[in-house]
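Structure first, then comments.
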Amino acid sequence: MLNPGVKPRQTIFPCRPQMLMHTPPLTIRKRAKATLRQLRFHPVTDAGPVFLSPRFSRAQRRELMFWISRLPSAFLRRLPPLKLASADQLTVVRSSVFINENPLPQNRSPVEPTHAVSFIPERYIVLDVELFRRRVEAGRILYHELCHFIWPRLGNPRRLIFETLNLHEFRRGVRGELGYSSEWRKLDLLAKSRTPAGAHRNAKFFPGISASMRRRWLEYVCESFCDTGAFVLLGSERRRIHSEYTLSLMARKRRTRQWSEIVLGCEAERL
């Protein structure tokens, strides 16, 4: 029993030094993704699964609706709900795209401009506003970006069909592509390896290939799919001669037929 006249002994614990929380700097990729916040919006005007930003002018909205309305229903069914916006400037820095911002020092120019960018998890497509000065080119770039949302939803069997077609083209030494985005990746693969198709995910084709080559190959296949899709979807609006259409006519026919079968099915003839 404690004596009421005696104060109880207090136990004093040593104080721990206060730890200062250090916030790590944002990576280039995270900084670039953060620039999307300025363009986010709540859906107002929609064209099927595609919602248009209220910042578009009436003429821009009319042009976008034209390109979206002519898409085959089989293609639209594969699209997730996504939003479409525009920006005054799109700058590529280390494979990341900054919106209306140049993160480099003022004495350095932007590494590379780009016409559009897709944010797949966020389901946003951002177009450079200058594209609206070139009607058909705007449609081609829009279709390319839309195909980026189709590619992951195709499923492995269909993706493998298109990838195998690319693999056979490499084995036959087919040159050229249907867009700059895939062509520079194709040339990069050719420059880095005599057998670039060895990056194929299936090891039975080229065993022992490096992981970096495999990643480069899969990126090329995706871009080739999107460039081919834009070529197919343009249909009658497609220019007969385009500086980025460097694939041979025979290879174009094979690509067009294969892409149409795995994405559109019987609706391919309507384009």
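To be explicit about the labels: the chains of the structure tokens are called A, B, and onward in the order shown, and within each one the residues are counted from 1, while ligands get numbers from 1 in the order they are shown.
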DSSP on the backbone, then: every residue of region 80-217 of chain A marked strand (DSSP E or B), written as an mmCIF file with C-alpha atoms, in the first residue's frame.
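Written file, part-v3.cif:
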```cif
data_model
loop_
_atom_site.group_PDB
_atom_site.id
_atom_site.type_symbol
_atom_site.label_atom_id
_atom_site.label_comp_id
_atom_site.auth_asym_id
_atom_site.auth_seq_id
_atom_site.Cartn_x
_atom_site.Cartn_y
_atom_site.Cartn_z
ATOM 1 C CA LEU A 82 -12.262 7.269 -71.924
ATOM 2 C CA LYS A 83 -11.831 11.034 -72.071
ATOM 3 C CA LEU A 84 -10.387 13.191 -74.812
ATOM 4 C CA ALA A 85 -8.686 16.559 -74.191
ATOM 5 C CA SER A 86 -6.194 18.864 -75.922
ATOM 6 C CA ALA A 87 -3.079 20.784 -74.875
ATOM 7 C CA LEU A 90 3.275 18.208 -75.394
ATOM 8 C CA THR A 91 6.950 17.617 -74.597
ATOM 9 C CA VAL A 92 8.705 14.249 -74.414
ATOM 10 C CA VAL A 93 11.436 13.902 -71.788
ATOM 11 C CA SER A 96 7.534 10.666 -70.506
ATOM 12 C CA VAL A 97 5.189 13.348 -71.873
ATOM 13 C CA PHE A 98 4.717 16.674 -70.082
ATOM 14 C CA ILE A 99 1.544 18.660 -70.743
ATOM 15 C CA GLU A 112 11.122 16.045 -78.554
ATOM 16 C CA PRO A 113 7.595 17.313 -79.299
ATOM 17 C CA ALA A 116 -0.593 13.092 -78.741
ATOM 18 C CA VAL A 117 -0.275 10.996 -75.620
ATOM 19 C CA SER A 118 -2.419 8.299 -74.024
ATOM 20 C CA PHE A 119 -2.695 7.704 -70.286
ATOM 21 C CA TYR A 124 -7.228 9.909 -71.073
ATOM 22 C CA ILE A 125 -6.082 10.891 -74.565
ATOM 23 C CA VAL A 126 -4.483 14.327 -74.986
ATOM 24 C CA LEU A 127 -4.045 15.789 -78.472
ATOM 25 C CA ASP A 128 -1.791 18.660 -79.460
#
```
Show me a table, sorted first by chain and then by increasing residue number, of the residues of region 123-180 of chain A having an atom at most 10 Å from region 50-66 of chain A, each with its shortest atom pair and the distance in Å to one decimal, counting only C-alpha atoms and written as JSON lines.
```
{"residue": "A:Arg123", "atom": "CA", "partner": "A:Val50", "partner_atom": "CA", "distance": 9.8}
{"residue": "A:Tyr124", "atom": "CA", "partner": "A:Phe51", "partner_atom": "CA", "distance": 9.4}
{"residue": "A:Ile125", "atom": "CA", "partner": "A:Val50", "partner_atom": "CA", "distance": 9.7}
{"residue": "A:Val126", "atom": "CA", "partner": "A:Ser53", "partner_atom": "CA", "distance": 9.9}
{"residue": "A:Val129", "atom": "CA", "partner": "A:Gln60", "partner_atom": "CA", "distance": 9.2}
{"residue": "A:Phe132", "atom": "CA", "partner": "A:Gln60", "partner_atom": "CA", "distance": 7.0}
{"residue": "A:Arg133", "atom": "CA", "partner": "A:Gln60", "partner_atom": "CA", "distance": 10.0}
{"residue": "A:Arg135", "atom": "CA", "partner": "A:Glu63", "partner_atom": "CA", "distance": 7.8}
{"residue": "A:Ala138", "atom": "CA", "partner": "A:Leu64", "partner_atom": "CA", "distance": 8.6}
{"residue": "A:Gly139", "atom": "CA", "partner": "A:Leu64", "partner_atom": "CA", "distance": 7.8}
{"residue": "A:Leu142", "atom": "CA", "partner": "A:Leu64", "partner_atom": "CA", "distance": 8.6}
{"residue": "A:Leu146", "atom": "CA", "partner": "A:Val50", "partner_atom": "CA", "distance": 9.6}
```
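Considering only C-alpha atoms, the residue among A:Leu36, A:Arg77, A:Leu160, A:Ile28 positioned nearest to Leu104 (chain A) is A:Ile28.
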- Task: Could you tell me how far CA of Leu165 (chain A) lies from CA of Leu233 (chain A), in Å and to one decimal?
- Result: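 Atom-to-atom, CA of Leu165 (chain A) to CA of Leu233 (chain A), that is 19.2 Å.
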Closest of A:Glu145, A:Glu183, A:Glu163, A:Glu137 to Gly229 (chain A), counting only C-alpha atoms, is A:Glu145
Contact residues around Phe149 (chain A) with only C-alpha atoms at 8 Å, ignoring same-chain residues under 5 positions, as an MDAnalysis selection string: chainID A and resid 79:80 120
Identify which of the residues A:Ile150, A:Ala32, A:Leu264, A:Leu189 lies closest to Leu218 (chain A), counting only C-alpha atoms when measuring atom-to-atom distances.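 Going through A:Ile150, A:Ala32, A:Leu264, A:Leu189 one by one, the smallest distance to Leu218 (chain A) is for A:Leu189.
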